[in-house]
Amino acid sequence: MIKNYSAFFLFFVLLFSCQNENENELIPSDPEVITNDASFHSSGGVNLSGNYEPYATEISKVGVEYSTDEFFTNSETVFTEVNTDHKVSCYVPNGLNEGDTYFFRVFVQSSEVFFYGDTKSFIANKNAAPVIESLSSELGYREDTLTITGQYLKDRTGLTYVYFNEVRARVINTEDSIIECVVPSALESVTNNVVIKIGNRESNALLFSLYKPELTSISPLNCVIGETLTITGNHFDDEVISNKVYFGNVMGEITYADRKTIKVVVPLDIATSSDSIKVNSQLQEVTFDKKYQIKAPTILSVPQNVYANQSITIKGEHFHPDYRKNKITIEEVETVVSNGDVSSINTRIPLGPFPRKKAKVRVQVLDMVTEYNLDLNIQDKWVMVSDSLPFSYYRSINNAAVINDEAYVIARSRDISSEEFFLWKFNPSDYTWEKSKIPFSLKWSGVLTSNGNKLYCYSAKKENRFWEYDPSTSLWTELATYPGGRRDYATHFSINGDIYIGMGADFEPYSTVKYGDFYKYSPTEKTWTRIEDFRYQNYFTRTETTAFTINGIAYVGNGASNTGMVDFWKYDPILDLWLRVADFNDARKYTSAFVMNGYGYVTGGSKVGGSYTRDCWRYDPSSDRWTKENSIGPLERGGHFSFSINGKAYIGGGVITNSGGKSGNDLFEYIP
């Protein structure tokens with residue numbers, strides 16, 4: 001029995017041992033890992049898959065490893081979730097070099113041990129484009145930090161760029177699902193498509209817009225040029241340079257800016273006194289609902305009694321800070337402003353014209369004009385009453401002639417280039433001139449004179465023609481030819497109705513011919529008679545002299561060609577003699593003369609070897625004395641005309657220096 005039991009026990013032990021050996025062969029100790037395949041997505045990227053059987057092993061991690069070499073020396077590892085179906089699926093959206101061969105294998109990890117499937121390969125196709133899911137804000141400002149969330153935002157094969165339309169933003173931080181960037185200051189549009197670009201891949205677009213600025217108030221709206229205005233509102237750029245404020249179409253200088261406030265200076269070159277204020281911020285322009293209004297200038301004081309060319313100061317308020325932009329007119333004449341500020345302007349009284357002998361003062365700032373409530377009193381004895389002579393009077397027919405308080409000159413028109421001469425009649429009521437034709441030709445060195453009833457003109461041409469003009473019929477009649485030699489700039493005057501012409505010189509020959517002979521024309525007898533020659537220093541040229549007649553005696557002088565010709569002479573028709581009278585102050589030529597209240601007056605001219613003058617000398621025949629009178633304003637002149645009618649004297653035309661205005665185009669009036 002014992003032997004049987006022992007055999008049974010041994011059988012049982014052998015049987016149990018065989019069962020354990022079979023179990024070890026059926027249940028492996030390591031997990032089984034299988035690498036399946038690589039499948040490509042239509043939108044890019046590749047899906048790598050596999051599965052595994054853990055058996056008795058506890059699996060802690062699963063994933064896929066891929067590399068460009070089959071030994072996986074530089075590999076990328078992607079872990080996926082451990083799940084109950086023991087499947088491994090890994091999506092690689094980007095980071096692959098298109099056209100390269102990649103090797104991959106599935107793995108599982110247990111503790112510190114990795115178990116791998118077989119190695120397989122694929123040729124990389126396109127990478128997946130980045131995807132934007134959201135923006136941290138759809139509204140904002142330039143230079144704001146914006147956070148973009150999405151997928152596939154980072155790629156080791158290329159840099160990630162963010163664009164607002166075509167403007168690239170500065171990227172601060174990049175993760176696979178988050179990008180932080182700065183909204184570009186150089187945005188060109190209010191509304192922008194935000195996209196991400198990696199290489200040749202571009203994401204979908206989301207809209208980002210700049211806040212629209214809002215205007216709440218502007219203070220003060222009733223302002224002065226150069227004043228600082230405060231604009232309040234919202235959504236302004238906080239950089240001064242990024243905002244613009246326009247007064248009409250003129251941009252002001254911004255001194256401060258934040259999101260809710262802008263301080264701006266009313267520009268010096270502002271164009272109009274009232275217009276819209278526009279704010280350009282965040283690439284958008286908004287207009288305030290009320291217009292600004294510049295305060296009008298006010299004149300508080302101006303000197304009352306003034307002289308032409310005198311410097312004056314105009315006191316007031318709200319003048320333009322840039323003194324050059326203040327327009328000052330004095331009796332319709334715009335003056336030159338020398339300096340000034342918002343409360344005072346320095347300028348100069350113009351030479352005229354002042355036909356009223358008074359002047360209105362106006363100050364214009366922009367389109368606003370203010371007028372002083374009092375007239376200025378022009379104190380000059382010689383006052384410019386017109387600056388618009390219609391004729392050119394320089395080296396035209398010598399001097400003027402008067403008939404019954406009506407003055408005439410012969411000159412060319414200013415508005416045409418013709419050499420034709422016209423007769424001009426003066427209207428003292430409004431300082432205008434009436435033009436009429438002359439039916440004969442004459443030279444600019446001819447002469448015009450009057451006997452008080454009619455005009456007489458010597459043509460100075462080689463025919464020596466001599467003409468008479470009757471103002472009652474407006475007709476010219478040719479008279480007996482001048483009997484002397486042809487001459488330029490003859491001396492001429494009238495005594496007791498007779499006409500006297502002599503002296504002068506003929507400048508046409510190569511050597512000048514000087515004359516001292518004199519002739520009298522009698523309108524009643526219609527004949528010429530030679531009188532006593534003017535003999536003093538006749539060997540010197542003496543032309544363009546001054547001549548005037550007082551109480552039947554003619555006075556002749558000036559026309560000097562050397563510094564010794566200070567002599568003045570009178571002609572007595574009864575004695576037929578030339579008698580020397582008091583010398584003139586100096587030797588000069590291009591003077592002009594008139595008679596008023598029994599005195600002879602000589603004006604202007606050029607000193608021999610010197611400059612033009614502006615003085616006026618009065619001759620008293622009763623005392624044979626010259627007295628210096630009021631100068632002709634600030635104007636030096638010569639070659640001009642002068643005459644007196646109705647108790648007033650007039651000077652005009654000629655060569656003018658230091659005029660500050662229209663040389664040779666003016667007319668001055670003198671009331672003693």
# chains A, B, ... in the order shown; residues from 1 in each chain; ligands from 1
>>> residues_around(residues="Leu577 (chain A)", least_positions_apart="5", cutoff="10 Å", atoms="only C-alpha atoms", output="PyMOL selection string")
chain A and resi 531-534+569-572
>>> residues_around(residues="Arg465 (chain A)", least_positions_apart="3", cutoff="12 Å", atoms="only C-alpha atoms", output="ChimeraX atom specification")
/A:440-443,446-447,456-462,468,477-487
>>> write_last_selection(atoms="C-alpha atoms", output="compact mmCIF listing (two decimals), in the first residue's frame")
# COMPACT_ATOMS: atom_id res chain seq x y z
CA PHE A 440 0.51 165.03 -85.20
CA SER A 441 3.72 163.31 -84.20
CA LEU A 442 6.17 164.80 -81.77
CA LYS A 443 9.34 163.96 -79.92
CA GLY A 446 9.11 168.70 -77.21
CA VAL A 447 7.41 171.33 -75.04
CA TYR A 456 0.85 175.46 -77.60
CA CYS A 457 3.07 172.54 -78.47
CA TYR A 458 6.50 172.52 -80.12
CA SER A 459 7.10 169.07 -81.63
CA ALA A 460 10.95 169.09 -81.41
CA LYS A 461 11.05 167.11 -84.65
CA LYS A 462 13.15 168.23 -87.61
CA GLU A 468 -2.25 175.32 -81.04
CA THR A 477 -4.41 173.86 -85.44
CA GLU A 478 -0.94 173.96 -86.98
CA LEU A 479 0.72 177.38 -86.76
CA ALA A 480 3.80 178.97 -88.27
CA THR A 481 6.89 176.78 -88.02
CA TYR A 482 9.30 177.50 -85.18
CA PRO A 483 12.03 179.68 -86.74
CA GLY A 484 15.03 178.54 -84.68
CA GLY A 485 17.12 175.45 -85.12
CA ARG A 486 15.56 172.13 -84.16
CA ARG A 487 16.17 171.53 -80.46
>>> residues_around(residues="Ile123 (chain A)", least_positions_apart="2", cutoff="8 Å", atoms="only C-alpha atoms", output="MDAnalysis selection string")
chainID A and resid 98:102 121 125
>>> residues_around(residues="Ser344 (chain A)", least_positions_apart="4", cutoff="9 Å", atoms="only C-alpha atoms", output="ChimeraX atom specification")
/A:313-317,319,323,339-340
>>> write_last_selection(atoms="C-alpha atoms", output="CSV table (one decimal), in the first residue's frame")
chain,number,residue,atom,x,y,z
A,313,THR,CA,2.1,151.4,-33.1
A,314,ILE,CA,-1.5,150.1,-33.2
A,315,LYS,CA,-2.6,148.8,-29.8
A,316,GLY,CA,-5.4,146.3,-29.4
A,317,GLU,CA,-6.3,142.7,-28.6
A,319,PHE,CA,-3.9,140.3,-33.1
A,323,TYR,CA,2.9,139.7,-36.8
A,339,ASN,CA,6.9,143.6,-35.9
A,340,GLY,CA,4.3,143.1,-33.2
>>> select_by_dssp(residues="region 82-243 of chain A", states="strand (DSSP E or B)", output="ChimeraX atom specification")
/A:87-92,101-110,113-116,120-123,131-135,139-140,145-151,155,158,160-164,167-168,170-174,178-182,191-198,201-202,206-210,214-219,222-223,228-234
>>> residues_around(residues="Pro353 (chain A)", least_positions_apart="3", cutoff="6 Å", atoms="only C-alpha atoms", output="PyMOL selection string")
chain A and resi 384-386
>>> write_last_selection(atoms="C-alpha atoms", output="PDB file, in the first residue's frame")
ATOM      1  CA  MET A 384      -0.428 161.836 -52.162  1.00  0.00           C
ATOM      2  CA  VAL A 385      -3.972 161.889 -53.529  1.00  0.00           C
ATOM      3  CA  SER A 386      -3.609 159.303 -56.298  1.00  0.00           C
TER       4      SER A 386
END
>>> closest_residue(among="A:Gly226, A:Gly633, A:Pro184, A:Gly233", to="Leu210 (chain A)", atoms="only C-alpha atoms")
A:Pro184
>>> residues_around(residues="Lys278 (chain A)", least_positions_apart="5", cutoff="8 Å", atoms="only C-alpha atoms", output="list in words")
Val245, Tyr246, Phe247, Gly248, Glu285, Val286, Thr287 and Phe288 of chain A
>>> atom_distance(atom1="CA of Asp118 (chain A)", atom2="CA of Pro93 (chain A)")
22.5 Å
>>> closest_residue(among="A:Ser185, A:Thr541, A:His492, A:Ala649", to="Ser511 (chain A)", atoms="only C-alpha atoms")
A:Thr541
>>> atom_distance(atom1="CA of Tyr431 (chain A)", atom2="CA of Pro390 (chain A)")
10.9 Å
>>> closest_residue(among="A:Lys212, A:Asp258, A:Asn377, A:His318", to="Ile241 (chain A)", atoms="only C-alpha atoms")
A:Asp258
>>> residues_around(residues="Thr591 (chain A)", least_positions_apart="6", cutoff="6 Å", atoms="only C-alpha atoms", output="list in words")
Thr603, Gly604, Gly605 and Gly638 of chain A
>>> closest_residue(among="A:Ala308, A:Val224, A:Ala547, A:Leu635", to="Gly664 (chain A)", atoms="only C-alpha atoms")
A:Leu635
>>> closest_residue(among="A:Tyr372, A:Tyr590, A:Tyr510, A:Tyr519", to="Leu300 (chain A)", atoms="only C-alpha atoms")
A:Tyr372
